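As structure tokens, the structure follows; a few thoughts come after it.
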Amino acid sequence: MELLQWLGVLGLFLAIFHICLAVYNVFLHPLRAYPGPKLDAASQLVYVYHMIKGDSCKYIASLHEKYGEVVRTGPNEISYMTASANKTIFGNKTTEDRAFEKNPAVYIQGSGAAQNILFASTREHPRYKKLMAPAFSEQAIKEQEPMIQEYTSLMIDALRHNRSGEAYYPDENGVVNMGAWVNFIIFDILSALSFGKPVGCLPSADYHPWALKPYHPLLEKLIPGDISIPYQTHMENARKHLREREQDKSISRADFASFILKGMTEDELLDNINILATAGSETTATTISSVLYYLAHNPEVYQKLVSEIRSSYSSEEEITFNSVSGLGYLKAVIQETFRIHPSVPVGLHRITPKSGSYIDGNWVPGGTWVSVALLAAYRSPRYWRRPEEFIPERWLGDPEFESDNRQVWAPFSIGPRKCVGINLAYLNMRLIITRLLWNFDLEAQPDNTDPHEMKEFGVWQGLVPLNLKVHDVRFGK
């Protein structure tokens, strides 16, 4: 038999196999009774298509609106959007044999092995959390305030200098890509906390190669060399900086590495520091950029927040970690931003325990992929009144929004694996936004992209400009 004939037979065999598998998935699989599109139940290719296209979370949201709160989104995958499912999957402390473990098929970062707090097993996670929690204590965070204030001042000074044509400085009309500057400050802050020194985005007014995000290992071959090579260089430099950090006795403040150097191997430390710096910077920068977009494009909300900030202080020196925590309208603005544009829109995939589990009153077999679709839940008219509108008042007791189901809102997750950096993230956001609006009036530009229209690949597409005109309030408009 010739080669082409063998290939033809092989192709026919594969086609028959996949047809039989699709028939089994649709009509005989244990999940066959769950609602959802038959094509999605037959094959994972539909979801892969939308993931590559960059609209997988929006696609899942559309399925929830059509089929309800529980949808079968793949041959072995169920998506939920209820608060009760969120509690069952993420919220309960449990034994290892009853745990909903992280799904290794969706690792997006790190060395590939589960050596970090984000992807650790139920058995290993408490050890990482115990070692890392002191770095995020109230006292430890307060020790970082002088550094964070310093970097915020660097950003404000840079935005006041008209150096049109140089890097990312404002142009001759005062228009600047604020999305870039938010990335600069957050990345410098988190790299300083990770390695004792920043990567230098603020002084250079430009991106550092490290800011090009790491990707899923399965997609590495598809990533252009100008992205993947700088990231590999970053990993090598990160190991070098950590070794230098261990020997540098001049660093006295309580940065990340100072709390965990003695409790982890070098590989574990590298993986965890990398997670803290990259994942933390991406989510925080995304949220601040989104806050600024929604403020600039909702003038009434903008004026209320500016009024709160400028009436609360008599001088900029009074803007501190402690004081910004008391700005109620700012808190509501951030909460509403997390709702309308969650920084991590994808459902955080888990696997049901081998013995299976009840979720929302229905039995789910062991080994099933399960997740809670955050984007779907946060914009669903099932749970929110006027869900597509940016309305901070819904968090401030406005009776019009009394029916909103706030229990489904959990942007930092819940339970034992709730984000360890939540306090640091909130304080960074509050301080940076407050000082920006104390110093500048911001004017929206017509060429901005609504954050919800961006592509998403687990996290939102990066490097999308947020052009705002900045007016120094010292000199009026």
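Chain labels A, B, ... are given in the sequence in which chains occur in the structure tokens; within each chain residues are numbered consecutively from 1, and ligands are likewise numbered from 1 in the order shown.
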Which residues come within 9 Å of stretch 150-165 of chain A, counting only C-alpha atoms, excluding same-chain residues fewer than 4 positions away, as a short mmCIF file (atom, residue, chain, number, x, y, z; two decimals) with N, CA, C and O atoms, in the first residue's frame?
```
data_model
loop_
_atom_site.label_atom_id
_atom_site.label_comp_id
_atom_site.auth_asym_id
_atom_site.auth_seq_id
_atom_site.Cartn_x
_atom_site.Cartn_y
_atom_site.Cartn_z
N GLU A 145 4.57 52.30 52.11
CA GLU A 145 3.95 53.55 51.68
C GLU A 145 4.95 54.60 51.19
O GLU A 145 4.71 55.22 50.15
N PRO A 146 6.07 54.84 51.87
CA PRO A 146 6.99 55.87 51.35
C PRO A 146 7.46 55.58 49.93
O PRO A 146 7.55 56.51 49.10
N TYR A 169 5.53 60.46 27.03
CA TYR A 169 5.17 61.73 27.66
C TYR A 169 3.97 62.36 26.95
O TYR A 169 3.68 62.05 25.79
N PRO A 170 3.24 63.28 27.63
CA PRO A 170 2.11 63.96 26.97
C PRO A 170 2.55 64.69 25.71
O PRO A 170 3.69 65.18 25.62
N ASP A 171 1.66 64.74 24.73
CA ASP A 171 1.99 65.45 23.50
C ASP A 171 1.81 66.95 23.68
O ASP A 171 1.54 67.43 24.79
N GLU A 172 1.96 67.70 22.60
CA GLU A 172 1.93 69.15 22.71
C GLU A 172 0.56 69.67 23.15
O GLU A 172 0.44 70.81 23.64
N ASN A 173 -0.47 68.85 23.03
CA ASN A 173 -1.82 69.24 23.47
C ASN A 173 -2.16 68.72 24.86
O ASN A 173 -3.29 68.91 25.33
N GLY A 174 -1.21 68.08 25.50
CA GLY A 174 -1.45 67.54 26.84
C GLY A 174 -2.15 66.20 26.84
O GLY A 174 -2.59 65.72 27.88
N VAL A 176 -2.19 62.22 26.73
CA VAL A 176 -1.23 61.20 27.12
C VAL A 176 -1.93 59.85 27.22
O VAL A 176 -3.13 59.78 27.51
N TRP A 181 1.04 54.76 31.50
CA TRP A 181 1.61 55.24 32.76
C TRP A 181 1.13 54.44 33.96
O TRP A 181 1.87 54.24 34.93
N VAL A 182 -0.10 53.97 33.91
CA VAL A 182 -0.58 53.11 34.99
C VAL A 182 0.22 51.82 35.03
O VAL A 182 0.61 51.34 36.10
N PHE A 184 3.30 51.53 33.99
CA PHE A 184 4.66 51.88 34.43
C PHE A 184 4.75 51.90 35.96
O PHE A 184 5.65 51.31 36.56
N ILE A 185 3.82 52.60 36.59
CA ILE A 185 3.94 52.76 38.05
C ILE A 185 3.68 51.44 38.76
O ILE A 185 4.41 51.10 39.71
N ASP A 188 6.73 49.15 38.30
CA ASP A 188 7.87 49.58 39.10
C ASP A 188 7.64 49.29 40.58
O ASP A 188 8.57 48.87 41.30
N ILE A 189 6.43 49.51 41.06
CA ILE A 189 6.14 49.22 42.47
C ILE A 189 6.32 47.74 42.77
O ILE A 189 7.01 47.36 43.73
N LEU A 202 9.14 54.08 35.00
CA LEU A 202 8.81 55.49 35.22
C LEU A 202 9.92 56.44 34.75
O LEU A 202 9.63 57.40 34.02
N PRO A 203 11.17 56.23 35.13
CA PRO A 203 12.22 57.16 34.66
C PRO A 203 12.40 57.17 33.15
O PRO A 203 12.70 58.21 32.56
N ALA A 205 9.99 56.38 31.01
CA ALA A 205 8.69 56.66 30.37
C ALA A 205 8.41 55.67 29.26
O ALA A 205 7.88 56.01 28.20
N LEU A 431 -4.69 55.11 46.40
CA LEU A 431 -3.70 56.18 46.52
C LEU A 431 -3.39 56.80 45.16
O LEU A 431 -3.38 58.03 45.02
N ILE A 432 -3.16 55.98 44.15
CA ILE A 432 -2.79 56.50 42.83
C ILE A 432 -3.93 57.29 42.22
O ILE A 432 -3.73 58.40 41.69
N ARG A 435 -4.41 60.71 44.13
CA ARG A 435 -3.39 61.73 43.85
C ARG A 435 -3.47 62.23 42.41
O ARG A 435 -3.20 63.40 42.14
N LEU A 436 -3.84 61.35 41.48
CA LEU A 436 -4.03 61.80 40.10
C LEU A 436 -5.13 62.85 40.01
O LEU A 436 -4.96 63.91 39.39
N ASN A 439 -4.31 66.26 41.44
CA ASN A 439 -3.38 67.08 40.66
C ASN A 439 -3.87 67.44 39.26
O ASN A 439 -3.45 68.45 38.70
N PHE A 440 -4.76 66.61 38.69
CA PHE A 440 -5.13 66.81 37.29
C PHE A 440 -6.63 66.72 37.09
O PHE A 440 -7.33 65.96 37.76
N VAL A 470 -4.67 65.81 30.03
CA VAL A 470 -4.44 66.14 31.43
C VAL A 470 -4.28 67.64 31.59
O VAL A 470 -3.52 68.27 30.86
N HIS A 471 -5.02 68.21 32.53
CA HIS A 471 -4.92 69.63 32.85
C HIS A 471 -4.40 69.76 34.27
O HIS A 471 -5.00 69.27 35.22
N ASP A 472 -3.29 70.42 34.41
CA ASP A 472 -2.71 70.63 35.73
C ASP A 472 -3.63 71.60 36.51
O ASP A 472 -3.80 72.75 36.10
#
```
Practice task
Can you pull out every residue within 9 Å of A:Met429, counting only C-alpha atoms, but drop anything in the same chain fewer than 3 positions away, and send it as a ChimeraX atom specification?
Solution key: /A:284-285,287-288,334,424-426,432-434
Go ahead and save the picked residues with C-alpha atoms, as a PDB file, in the first residue's frame.
```
ATOM      1  CA  THR A 284      -4.113  46.199  39.276  1.00  0.00           C
ATOM      2  CA  ALA A 285      -3.080  48.188  36.203  1.00  0.00           C
ATOM      3  CA  THR A 287      -8.437  48.074  37.054  1.00  0.00           C
ATOM      4  CA  ILE A 288      -6.898  51.546  37.439  1.00  0.00           C
ATOM      5  CA  ILE A 334     -13.640  50.802  42.268  1.00  0.00           C
ATOM      6  CA  LEU A 424      -2.035  45.947  48.687  1.00  0.00           C
ATOM      7  CA  ALA A 425      -4.021  46.144  45.449  1.00  0.00           C
ATOM      8  CA  TYR A 426      -6.775  48.267  46.992  1.00  0.00           C
ATOM      9  CA  ILE A 432      -2.786  56.495  42.830  1.00  0.00           C
ATOM     10  CA  ILE A 433      -6.296  57.488  41.701  1.00  0.00           C
ATOM     11  CA  THR A 434      -6.690  60.003  44.532  1.00  0.00           C
TER      12      THR A 434
END
```
Handout entry: Which of stretch 423-475 of chain A DSSP labels alpha helix (DSSP H), written as an MDAnalysis selection string
Key = chainID A and resid 423:439
Fill in the blank from the handout: Between A:Gly326, A:Tyr47, A:Gln144, A:Ser343, smallest distance to A:Gln461 by only C-alpha atoms belongs to A:Ser343
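Using only C-alpha atoms, the smallest distance between any of A:Leu292, A:Ser380, A:Phe17, A:Ala105 and A:Ala444 comes from A:Leu292.
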Handout entry: Polymer residues at most 12 Å from A:Val46, only C-alpha atoms, same-chain spacing of 3 or more positions, as a list of chain:residue names
Key = A:Pro37, A:Lys38, A:Leu39, A:Asp40, A:Ala41, A:Ala42, A:Ser43, A:Tyr49, A:His50, A:Met51, A:Ile52, A:Lys53, A:Asp55, A:Ser56, A:Tyr59, A:Ile60, A:Thr73, A:Gly74, A:Pro75
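For the pair atom CA of A:Glu101 and atom CA of A:Lys354, the interatomic distance is 10.3 Å.
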Fill in the blank from the handout: Students should find that atom CA of A:Leu442 and atom CA of A:Lys469 are spaced 5.7 Å
